[in-house]
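Source file: target37.txt; contents: compact mmCIF, N, CA and C atoms.
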# COMPACT_ATOMS: atom_id res chain seq x y z
N MET A 13 -12.41 42.91 -19.88
CA MET A 13 -12.83 42.45 -21.20
C MET A 13 -13.13 43.67 -22.06
N ALA A 14 -12.57 43.73 -23.23
CA ALA A 14 -12.77 44.85 -24.13
C ALA A 14 -14.13 44.74 -24.81
N VAL A 15 -14.77 45.88 -24.96
CA VAL A 15 -16.06 45.94 -25.64
C VAL A 15 -15.81 46.43 -27.05
N ALA A 16 -16.51 45.84 -28.00
CA ALA A 16 -16.35 46.25 -29.40
C ALA A 16 -16.68 47.73 -29.56
N ARG A 17 -16.00 48.35 -30.48
CA ARG A 17 -16.23 49.75 -30.78
C ARG A 17 -17.66 49.95 -31.28
N ARG A 18 -18.27 51.02 -30.83
CA ARG A 18 -19.64 51.30 -31.27
C ARG A 18 -19.66 51.71 -32.73
N ARG A 19 -20.67 51.27 -33.43
CA ARG A 19 -20.86 51.66 -34.83
C ARG A 19 -21.92 52.75 -34.94
N ILE A 20 -22.83 52.78 -33.96
CA ILE A 20 -23.90 53.77 -33.95
C ILE A 20 -23.50 54.88 -32.97
N ASP A 21 -23.53 56.12 -33.44
CA ASP A 21 -23.26 57.25 -32.58
C ASP A 21 -24.29 57.26 -31.44
N VAL A 22 -23.83 57.48 -30.22
CA VAL A 22 -24.71 57.41 -29.04
C VAL A 22 -25.88 58.39 -29.16
N GLN A 23 -25.60 59.62 -29.56
CA GLN A 23 -26.68 60.62 -29.69
C GLN A 23 -27.68 60.24 -30.78
N GLU A 24 -27.17 59.71 -31.89
CA GLU A 24 -28.03 59.26 -32.98
C GLU A 24 -28.89 58.08 -32.52
N GLY A 25 -28.30 57.17 -31.76
CA GLY A 25 -29.03 56.03 -31.23
C GLY A 25 -30.13 56.44 -30.26
N LYS A 26 -29.79 57.36 -29.36
CA LYS A 26 -30.80 57.86 -28.40
C LYS A 26 -31.94 58.57 -29.13
N ALA A 27 -31.60 59.32 -30.17
CA ALA A 27 -32.62 60.02 -30.95
C ALA A 27 -33.54 59.03 -31.66
N ALA A 28 -32.98 57.95 -32.17
CA ALA A 28 -33.79 56.93 -32.85
C ALA A 28 -34.72 56.23 -31.85
N LEU A 29 -34.19 55.92 -30.65
CA LEU A 29 -35.05 55.32 -29.62
C LEU A 29 -36.18 56.27 -29.22
N LYS A 30 -35.86 57.55 -29.09
CA LYS A 30 -36.87 58.55 -28.73
C LYS A 30 -37.94 58.62 -29.81
N ALA A 31 -37.52 58.62 -31.08
CA ALA A 31 -38.48 58.65 -32.19
C ALA A 31 -39.39 57.43 -32.14
N TRP A 32 -38.83 56.26 -31.83
CA TRP A 32 -39.64 55.05 -31.73
C TRP A 32 -40.62 55.16 -30.56
N LEU A 33 -40.15 55.67 -29.43
CA LEU A 33 -41.02 55.82 -28.26
C LEU A 33 -42.17 56.79 -28.51
N GLU A 34 -41.91 57.80 -29.32
CA GLU A 34 -42.94 58.80 -29.59
C GLU A 34 -44.02 58.28 -30.52
N GLY A 35 -43.80 57.10 -31.06
CA GLY A 35 -44.87 56.45 -31.81
C GLY A 35 -44.56 56.17 -33.25
N ALA A 36 -44.99 55.03 -33.66
CA ALA A 36 -44.91 54.64 -35.06
C ALA A 36 -46.25 54.03 -35.42
N PRO A 37 -47.01 54.63 -36.28
CA PRO A 37 -46.69 55.85 -36.99
C PRO A 37 -46.92 57.09 -36.13
N PRO A 38 -46.16 58.15 -36.39
CA PRO A 38 -46.34 59.39 -35.66
C PRO A 38 -47.68 60.04 -36.00
N PRO A 39 -48.04 61.10 -35.30
CA PRO A 39 -49.34 61.75 -35.55
C PRO A 39 -49.57 62.13 -37.00
N SER A 40 -48.51 62.36 -37.75
CA SER A 40 -48.67 62.74 -39.16
C SER A 40 -49.20 61.58 -39.99
N GLY A 41 -49.16 60.36 -39.44
CA GLY A 41 -49.62 59.19 -40.18
C GLY A 41 -48.53 58.55 -41.02
N THR A 42 -47.38 59.20 -41.08
CA THR A 42 -46.26 58.66 -41.84
C THR A 42 -45.54 57.63 -40.99
N PRO A 43 -45.34 56.42 -41.49
CA PRO A 43 -44.64 55.41 -40.69
C PRO A 43 -43.21 55.84 -40.37
N LEU A 44 -42.71 55.32 -39.27
CA LEU A 44 -41.32 55.57 -38.88
C LEU A 44 -40.40 55.01 -39.96
N PRO A 45 -39.46 55.82 -40.45
CA PRO A 45 -38.55 55.31 -41.49
C PRO A 45 -37.80 54.07 -41.01
N ARG A 46 -37.61 53.13 -41.92
CA ARG A 46 -36.92 51.89 -41.61
C ARG A 46 -35.52 52.16 -41.07
N THR A 47 -34.86 53.20 -41.56
CA THR A 47 -33.51 53.52 -41.09
C THR A 47 -33.51 53.92 -39.62
N VAL A 48 -34.57 54.60 -39.19
CA VAL A 48 -34.67 55.00 -37.78
C VAL A 48 -34.90 53.76 -36.91
N LEU A 49 -35.76 52.87 -37.35
CA LEU A 49 -36.01 51.61 -36.63
C LEU A 49 -34.72 50.80 -36.53
N ALA A 50 -34.01 50.69 -37.64
CA ALA A 50 -32.74 49.93 -37.66
C ALA A 50 -31.73 50.55 -36.71
N THR A 51 -31.64 51.86 -36.70
CA THR A 51 -30.69 52.55 -35.81
C THR A 51 -31.05 52.31 -34.35
N ALA A 52 -32.34 52.39 -34.02
CA ALA A 52 -32.77 52.16 -32.63
C ALA A 52 -32.42 50.74 -32.18
N VAL A 53 -32.66 49.76 -33.03
CA VAL A 53 -32.36 48.36 -32.68
C VAL A 53 -30.86 48.17 -32.53
N ARG A 54 -30.10 48.63 -33.50
CA ARG A 54 -28.65 48.43 -33.47
C ARG A 54 -28.00 49.14 -32.29
N TYR A 55 -28.45 50.35 -32.02
CA TYR A 55 -27.92 51.09 -30.87
C TYR A 55 -28.22 50.34 -29.57
N SER A 56 -29.44 49.85 -29.42
CA SER A 56 -29.81 49.16 -28.18
C SER A 56 -29.06 47.84 -28.03
N LEU A 57 -28.78 47.16 -29.13
CA LEU A 57 -27.96 45.94 -29.05
C LEU A 57 -26.53 46.29 -28.62
N GLU A 58 -26.00 47.37 -29.15
CA GLU A 58 -24.66 47.81 -28.73
C GLU A 58 -24.66 48.19 -27.25
N GLU A 59 -25.71 48.84 -26.80
CA GLU A 59 -25.81 49.25 -25.40
C GLU A 59 -25.89 48.02 -24.49
N LEU A 60 -26.64 47.02 -24.91
CA LEU A 60 -26.72 45.77 -24.14
C LEU A 60 -25.33 45.16 -23.99
N THR A 61 -24.59 45.10 -25.09
CA THR A 61 -23.24 44.53 -25.06
C THR A 61 -22.31 45.36 -24.18
N ALA A 62 -22.47 46.67 -24.20
CA ALA A 62 -21.64 47.54 -23.36
C ALA A 62 -21.92 47.30 -21.87
N ARG A 63 -23.18 47.03 -21.54
CA ARG A 63 -23.56 46.82 -20.13
C ARG A 63 -23.33 45.40 -19.66
N ALA A 64 -23.35 44.44 -20.59
CA ALA A 64 -23.17 43.03 -20.22
C ALA A 64 -22.22 42.38 -21.23
N PRO A 65 -20.94 42.77 -21.19
CA PRO A 65 -20.00 42.22 -22.17
C PRO A 65 -19.80 40.71 -21.98
N GLY A 66 -19.53 40.05 -23.07
CA GLY A 66 -19.27 38.62 -23.04
C GLY A 66 -19.69 37.97 -24.34
N ASN A 67 -19.64 36.66 -24.37
CA ASN A 67 -19.95 35.92 -25.59
C ASN A 67 -20.81 34.69 -25.34
N SER A 68 -21.49 34.61 -24.22
CA SER A 68 -22.22 33.37 -23.94
C SER A 68 -23.67 33.38 -24.42
N VAL A 69 -24.22 34.56 -24.75
CA VAL A 69 -25.60 34.65 -25.22
C VAL A 69 -25.61 35.44 -26.53
N GLU A 70 -26.33 34.92 -27.50
CA GLU A 70 -26.49 35.63 -28.76
C GLU A 70 -27.91 36.18 -28.83
N VAL A 71 -28.03 37.48 -29.06
CA VAL A 71 -29.33 38.14 -29.17
C VAL A 71 -29.53 38.53 -30.63
N ARG A 72 -30.62 38.05 -31.21
CA ARG A 72 -30.92 38.30 -32.62
C ARG A 72 -32.21 39.08 -32.76
N VAL A 73 -32.15 40.16 -33.54
CA VAL A 73 -33.34 40.95 -33.86
C VAL A 73 -33.36 41.12 -35.38
N PRO A 74 -33.81 40.06 -36.08
CA PRO A 74 -33.77 40.12 -37.53
C PRO A 74 -34.79 41.13 -38.08
N PRO A 75 -34.48 41.77 -39.17
CA PRO A 75 -33.27 41.68 -39.97
C PRO A 75 -32.22 42.73 -39.58
N PHE A 76 -32.39 43.36 -38.42
CA PHE A 76 -31.60 44.54 -38.09
C PHE A 76 -30.26 44.29 -37.41
N GLY A 77 -30.16 43.27 -36.58
CA GLY A 77 -28.89 43.10 -35.91
C GLY A 77 -28.81 41.86 -35.03
N VAL A 78 -27.59 41.61 -34.59
CA VAL A 78 -27.29 40.50 -33.69
C VAL A 78 -26.10 40.92 -32.84
N THR A 79 -26.06 40.44 -31.62
CA THR A 79 -24.92 40.72 -30.76
C THR A 79 -24.69 39.52 -29.85
N GLN A 80 -23.48 39.43 -29.36
CA GLN A 80 -23.17 38.46 -28.32
C GLN A 80 -22.87 39.24 -27.05
N CYS A 81 -23.37 38.73 -25.93
CA CYS A 81 -23.21 39.43 -24.67
C CYS A 81 -23.23 38.43 -23.52
N VAL A 82 -23.13 38.90 -22.33
CA VAL A 82 -23.18 38.17 -21.07
C VAL A 82 -21.93 37.29 -20.88
N GLU A 83 -21.29 37.49 -19.74
CA GLU A 83 -20.10 36.71 -19.41
C GLU A 83 -20.45 35.23 -19.30
N GLY A 84 -19.49 34.41 -19.63
CA GLY A 84 -19.66 32.97 -19.53
C GLY A 84 -18.85 32.27 -20.60
N PRO A 85 -19.13 31.01 -20.81
CA PRO A 85 -18.37 30.25 -21.82
C PRO A 85 -18.50 30.89 -23.19
N ARG A 86 -17.37 31.03 -23.85
CA ARG A 86 -17.34 31.64 -25.18
C ARG A 86 -17.80 30.65 -26.22
N HIS A 87 -18.65 31.11 -27.11
CA HIS A 87 -19.13 30.29 -28.22
C HIS A 87 -18.32 30.65 -29.46
N THR A 88 -17.84 29.65 -30.21
CA THR A 88 -17.01 29.95 -31.37
C THR A 88 -17.53 29.43 -32.69
N ARG A 89 -18.24 28.29 -32.72
CA ARG A 89 -18.69 27.74 -34.01
C ARG A 89 -20.08 27.14 -33.89
N GLY A 90 -20.78 27.14 -35.02
CA GLY A 90 -22.10 26.53 -35.06
C GLY A 90 -23.15 27.37 -34.36
N THR A 91 -24.28 26.76 -34.08
CA THR A 91 -25.36 27.46 -33.41
C THR A 91 -25.02 27.63 -31.94
N PRO A 92 -25.09 28.85 -31.43
CA PRO A 92 -24.77 29.07 -30.02
C PRO A 92 -25.76 28.33 -29.11
N PRO A 93 -25.33 27.92 -27.93
CA PRO A 93 -26.22 27.21 -27.03
C PRO A 93 -27.25 28.12 -26.36
N ASN A 94 -27.00 29.41 -26.30
CA ASN A 94 -27.89 30.37 -25.66
C ASN A 94 -28.28 31.43 -26.67
N VAL A 95 -29.51 31.33 -27.18
CA VAL A 95 -29.96 32.24 -28.23
C VAL A 95 -31.29 32.87 -27.83
N ILE A 96 -31.37 34.17 -28.09
CA ILE A 96 -32.59 34.92 -27.88
C ILE A 96 -32.93 35.59 -29.21
N GLU A 97 -34.19 35.46 -29.63
CA GLU A 97 -34.59 36.08 -30.89
C GLU A 97 -35.99 36.66 -30.76
N CYS A 98 -36.18 37.85 -31.32
CA CYS A 98 -37.49 38.48 -31.35
C CYS A 98 -37.53 39.53 -32.45
N ASP A 99 -38.72 40.04 -32.72
CA ASP A 99 -38.86 41.07 -33.73
C ASP A 99 -38.47 42.43 -33.14
N ALA A 100 -38.31 43.41 -34.01
CA ALA A 100 -37.84 44.73 -33.59
C ALA A 100 -38.78 45.41 -32.61
N ALA A 101 -40.08 45.33 -32.84
CA ALA A 101 -41.04 46.00 -31.95
C ALA A 101 -40.99 45.42 -30.54
N THR A 102 -40.91 44.10 -30.44
CA THR A 102 -40.82 43.45 -29.13
C THR A 102 -39.52 43.83 -28.45
N TRP A 103 -38.41 43.79 -29.19
CA TRP A 103 -37.11 44.14 -28.62
C TRP A 103 -37.12 45.56 -28.06
N LEU A 104 -37.59 46.51 -28.86
CA LEU A 104 -37.59 47.90 -28.42
C LEU A 104 -38.56 48.13 -27.26
N ALA A 105 -39.65 47.39 -27.24
CA ALA A 105 -40.58 47.50 -26.10
C ALA A 105 -39.92 47.01 -24.82
N MET A 106 -39.14 45.94 -24.90
CA MET A 106 -38.44 45.44 -23.70
C MET A 106 -37.31 46.39 -23.30
N VAL A 107 -36.58 46.89 -24.27
CA VAL A 107 -35.45 47.80 -24.02
C VAL A 107 -35.92 49.07 -23.31
N THR A 108 -37.08 49.57 -23.71
CA THR A 108 -37.58 50.84 -23.17
C THR A 108 -38.50 50.67 -21.96
N GLY A 109 -38.74 49.43 -21.55
CA GLY A 109 -39.56 49.21 -20.37
C GLY A 109 -41.05 49.17 -20.63
N GLN A 110 -41.46 49.16 -21.89
CA GLN A 110 -42.88 49.09 -22.21
C GLN A 110 -43.42 47.67 -22.12
N MET A 111 -42.52 46.69 -22.13
CA MET A 111 -42.91 45.29 -21.99
C MET A 111 -41.86 44.59 -21.13
N ALA A 112 -42.31 43.82 -20.18
CA ALA A 112 -41.39 43.08 -19.31
C ALA A 112 -40.91 41.82 -20.04
N TRP A 113 -39.69 41.42 -19.73
CA TRP A 113 -39.10 40.20 -20.30
C TRP A 113 -40.04 39.01 -20.11
N ALA A 114 -40.51 38.81 -18.89
CA ALA A 114 -41.37 37.66 -18.58
C ALA A 114 -42.66 37.69 -19.40
N ASP A 115 -43.23 38.87 -19.57
CA ASP A 115 -44.46 38.99 -20.35
C ASP A 115 -44.22 38.66 -21.82
N ALA A 116 -43.10 39.12 -22.36
CA ALA A 116 -42.76 38.84 -23.76
C ALA A 116 -42.54 37.35 -23.98
N VAL A 117 -41.86 36.71 -23.06
CA VAL A 117 -41.62 35.26 -23.17
C VAL A 117 -42.95 34.51 -23.04
N ALA A 118 -43.77 34.89 -22.06
CA ALA A 118 -45.06 34.21 -21.85
C ALA A 118 -45.98 34.36 -23.06
N ALA A 119 -45.88 35.50 -23.75
CA ALA A 119 -46.71 35.74 -24.93
C ALA A 119 -46.10 35.15 -26.20
N HIS A 120 -45.01 34.43 -26.05
CA HIS A 120 -44.30 33.81 -27.18
C HIS A 120 -43.82 34.83 -28.21
N LYS A 121 -43.49 36.03 -27.73
CA LYS A 121 -42.94 37.07 -28.60
C LYS A 121 -41.41 36.98 -28.63
N VAL A 122 -40.85 36.18 -27.73
CA VAL A 122 -39.41 35.99 -27.65
C VAL A 122 -39.12 34.50 -27.67
N ALA A 123 -38.20 34.10 -28.53
CA ALA A 123 -37.72 32.71 -28.52
C ALA A 123 -36.41 32.72 -27.76
N ALA A 124 -36.35 31.99 -26.66
CA ALA A 124 -35.15 31.96 -25.83
C ALA A 124 -34.80 30.50 -25.54
N SER A 125 -33.56 30.12 -25.90
CA SER A 125 -33.12 28.76 -25.64
C SER A 125 -31.77 28.78 -24.96
N GLY A 126 -31.58 27.87 -24.02
CA GLY A 126 -30.32 27.78 -23.30
C GLY A 126 -30.45 28.26 -21.87
N LEU A 127 -29.56 27.78 -21.02
CA LEU A 127 -29.60 28.11 -19.60
C LEU A 127 -29.36 29.59 -19.31
N ARG A 128 -28.60 30.27 -20.16
CA ARG A 128 -28.26 31.67 -19.93
C ARG A 128 -29.14 32.63 -20.72
N ALA A 129 -30.12 32.11 -21.44
CA ALA A 129 -30.96 32.93 -22.32
C ALA A 129 -32.08 33.60 -21.54
N ASP A 130 -31.70 34.50 -20.66
CA ASP A 130 -32.66 35.25 -19.84
C ASP A 130 -32.08 36.63 -19.62
N LEU A 131 -32.74 37.63 -20.19
CA LEU A 131 -32.26 39.01 -20.06
C LEU A 131 -33.07 39.82 -19.05
N SER A 132 -33.86 39.16 -18.22
CA SER A 132 -34.71 39.89 -17.29
C SER A 132 -33.93 40.80 -16.35
N ALA A 133 -32.72 40.43 -15.99
CA ALA A 133 -31.91 41.27 -15.09
C ALA A 133 -31.27 42.44 -15.83
N LEU A 134 -31.27 42.42 -17.15
CA LEU A 134 -30.60 43.46 -17.93
C LEU A 134 -31.56 44.43 -18.61
N LEU A 135 -32.83 44.06 -18.68
CA LEU A 135 -33.82 44.91 -19.36
C LEU A 135 -34.81 45.45 -18.35
N PRO A 136 -35.32 46.67 -18.53
CA PRO A 136 -35.01 47.59 -19.62
C PRO A 136 -33.61 48.20 -19.48
N LEU A 137 -33.12 48.72 -20.61
CA LEU A 137 -31.82 49.38 -20.58
C LEU A 137 -32.02 50.77 -20.02
How would this structure read if it were set down as structure tokens?
Amino acid sequence: MAVARRRIDVQEGKAALKAWLEGAPPPSGTPLPRTVLATAVRYSLEELTARAPGNSVEVRVPPFGVTQCVEGPRHTRGTPPNVIECDAATWLAMVTGQMAWADAVAAHKVAASGLRADLSALLPL
């Protein structure tokens, strides 16, 4: 199965994730620029798709990005049957291992619907 071409440069994506890990706001008190947050989210969504290609689960991190991943039945129209949605901070915390999938779901920080809407085996990246 072919994986979509990356839009975020890998080094730029890793740098954005590192900047997020180092703290927002950083010691200077200046909040992390929105472009850095967006890059970290988009890069991590692309990385998820690269590691688990497919179209059976849609992962949404509004307003920054969405991806389809995980092998299984392809979704083509309407609302997908397997949807995962969360905010950027929760997504990046799960991606980097600062928050476990189960903890995020239990805390209602992740909305997950559908039989395949479970990324516990894929996170952290």
Selected residue, from A:Glu58, A:Val48, A:Gln80, A:Asp99, that lies nearest to Leu33 in chain A when counting only C-alpha atoms: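 Of the candidates, the smallest distance to Leu33 in chain A is held by A:Val48.
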Within-12 Å shell of (-34.3, 39.7, -16.1) in input frame, only C-alpha atoms, as a PyMOL selection string: chain A and resi 106-107+109+111-117+128-137
Atomic separation - atom N of Thr51 in chain A relative to CA of Gly35 in chain A, Å: 14.8 Å
Val69 in chain A environment, 9 Å, only C-alpha atoms, sequence neighbours closer than 5 positions dropped, as JSON, numbers by chain: {"A": [79, 80, 81, 82, 83, 84, 86, 87, 92, 93, 94, 95, 96, 126, 128, 129, 130]}
DSSP-assigned alpha helix (DSSP H) among chain A, expressed as number ranges by chain: A: 22-33, 46-63, 100-107, 113-118
For the residues in the current selection, export N, CA and C atoms as a compact mmCIF listing (two decimals), keeping the file's coordinate frame.
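Output file again34.txt follows:
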# COMPACT_ATOMS: atom_id res chain seq x y z
N VAL A 22 -23.83 57.48 -30.22
CA VAL A 22 -24.71 57.41 -29.04
C VAL A 22 -25.88 58.39 -29.16
N GLN A 23 -25.60 59.62 -29.56
CA GLN A 23 -26.68 60.62 -29.69
C GLN A 23 -27.68 60.24 -30.78
N GLU A 24 -27.17 59.71 -31.89
CA GLU A 24 -28.03 59.26 -32.98
C GLU A 24 -28.89 58.08 -32.52
N GLY A 25 -28.30 57.17 -31.76
CA GLY A 25 -29.03 56.03 -31.23
C GLY A 25 -30.13 56.44 -30.26
N LYS A 26 -29.79 57.36 -29.36
CA LYS A 26 -30.80 57.86 -28.40
C LYS A 26 -31.94 58.57 -29.13
N ALA A 27 -31.60 59.32 -30.17
CA ALA A 27 -32.62 60.02 -30.95
C ALA A 27 -33.54 59.03 -31.66
N ALA A 28 -32.98 57.95 -32.17
CA ALA A 28 -33.79 56.93 -32.85
C ALA A 28 -34.72 56.23 -31.85
N LEU A 29 -34.19 55.92 -30.65
CA LEU A 29 -35.05 55.32 -29.62
C LEU A 29 -36.18 56.27 -29.22
N LYS A 30 -35.86 57.55 -29.09
CA LYS A 30 -36.87 58.55 -28.73
C LYS A 30 -37.94 58.62 -29.81
N ALA A 31 -37.52 58.62 -31.08
CA ALA A 31 -38.48 58.65 -32.19
C ALA A 31 -39.39 57.43 -32.14
N TRP A 32 -38.83 56.26 -31.83
CA TRP A 32 -39.64 55.05 -31.73
C TRP A 32 -40.62 55.16 -30.56
N LEU A 33 -40.15 55.67 -29.43
CA LEU A 33 -41.02 55.82 -28.26
C LEU A 33 -42.17 56.79 -28.51
N ARG A 46 -37.61 53.13 -41.92
CA ARG A 46 -36.92 51.89 -41.61
C ARG A 46 -35.52 52.16 -41.07
N THR A 47 -34.86 53.20 -41.56
CA THR A 47 -33.51 53.52 -41.09
C THR A 47 -33.51 53.92 -39.62
N VAL A 48 -34.57 54.60 -39.19
CA VAL A 48 -34.67 55.00 -37.78
C VAL A 48 -34.90 53.76 -36.91
N LEU A 49 -35.76 52.87 -37.35
CA LEU A 49 -36.01 51.61 -36.63
C LEU A 49 -34.72 50.80 -36.53
N ALA A 50 -34.01 50.69 -37.64
CA ALA A 50 -32.74 49.93 -37.66
C ALA A 50 -31.73 50.55 -36.71
N THR A 51 -31.64 51.86 -36.70
CA THR A 51 -30.69 52.55 -35.81
C THR A 51 -31.05 52.31 -34.35
N ALA A 52 -32.34 52.39 -34.02
CA ALA A 52 -32.77 52.16 -32.63
C ALA A 52 -32.42 50.74 -32.18
N VAL A 53 -32.66 49.76 -33.03
CA VAL A 53 -32.36 48.36 -32.68
C VAL A 53 -30.86 48.17 -32.53
N ARG A 54 -30.10 48.63 -33.50
CA ARG A 54 -28.65 48.43 -33.47
C ARG A 54 -28.00 49.14 -32.29
N TYR A 55 -28.45 50.35 -32.02
CA TYR A 55 -27.92 51.09 -30.87
C TYR A 55 -28.22 50.34 -29.57
N SER A 56 -29.44 49.85 -29.42
CA SER A 56 -29.81 49.16 -28.18
C SER A 56 -29.06 47.84 -28.03
N LEU A 57 -28.78 47.16 -29.13
CA LEU A 57 -27.96 45.94 -29.05
C LEU A 57 -26.53 46.29 -28.62
N GLU A 58 -26.00 47.37 -29.15
CA GLU A 58 -24.66 47.81 -28.73
C GLU A 58 -24.66 48.19 -27.25
N GLU A 59 -25.71 48.84 -26.80
CA GLU A 59 -25.81 49.25 -25.40
C GLU A 59 -25.89 48.02 -24.49
N LEU A 60 -26.64 47.02 -24.91
CA LEU A 60 -26.72 45.77 -24.14
C LEU A 60 -25.33 45.16 -23.99
N THR A 61 -24.59 45.10 -25.09
CA THR A 61 -23.24 44.53 -25.06
C THR A 61 -22.31 45.36 -24.18
N ALA A 62 -22.47 46.67 -24.20
CA ALA A 62 -21.64 47.54 -23.36
C ALA A 62 -21.92 47.30 -21.87
N ARG A 63 -23.18 47.03 -21.54
CA ARG A 63 -23.56 46.82 -20.13
C ARG A 63 -23.33 45.40 -19.66
N ALA A 100 -38.31 43.41 -34.01
CA ALA A 100 -37.84 44.73 -33.59
C ALA A 100 -38.78 45.41 -32.61
N ALA A 101 -40.08 45.33 -32.84
CA ALA A 101 -41.04 46.00 -31.95
C ALA A 101 -40.99 45.42 -30.54
N THR A 102 -40.91 44.10 -30.44
CA THR A 102 -40.82 43.45 -29.13
C THR A 102 -39.52 43.83 -28.45
N TRP A 103 -38.41 43.79 -29.19
CA TRP A 103 -37.11 44.14 -28.62
C TRP A 103 -37.12 45.56 -28.06
N LEU A 104 -37.59 46.51 -28.86
CA LEU A 104 -37.59 47.90 -28.42
C LEU A 104 -38.56 48.13 -27.26
N ALA A 105 -39.65 47.39 -27.24
CA ALA A 105 -40.58 47.50 -26.10
C ALA A 105 -39.92 47.01 -24.82
N MET A 106 -39.14 45.94 -24.90
CA MET A 106 -38.44 45.44 -23.70
C MET A 106 -37.31 46.39 -23.30
N VAL A 107 -36.58 46.89 -24.27
CA VAL A 107 -35.45 47.80 -24.02
C VAL A 107 -35.92 49.07 -23.31
N TRP A 113 -39.69 41.42 -19.73
CA TRP A 113 -39.10 40.20 -20.30
C TRP A 113 -40.04 39.01 -20.11
N ALA A 114 -40.51 38.81 -18.89
CA ALA A 114 -41.37 37.66 -18.58
C ALA A 114 -42.66 37.69 -19.40
N ASP A 115 -43.23 38.87 -19.57
CA ASP A 115 -44.46 38.99 -20.35
C ASP A 115 -44.22 38.66 -21.82
N ALA A 116 -43.10 39.12 -22.36
CA ALA A 116 -42.76 38.84 -23.76
C ALA A 116 -42.54 37.35 -23.98
N VAL A 117 -41.86 36.71 -23.06
CA VAL A 117 -41.62 35.26 -23.17
C VAL A 117 -42.95 34.51 -23.04
N ALA A 118 -43.77 34.89 -22.06
CA ALA A 118 -45.06 34.21 -21.85
C ALA A 118 -45.98 34.36 -23.06
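Atom pair CA of Leu104 in chain A / CA of Thr91 in chain A: separated by 24.3 Å.
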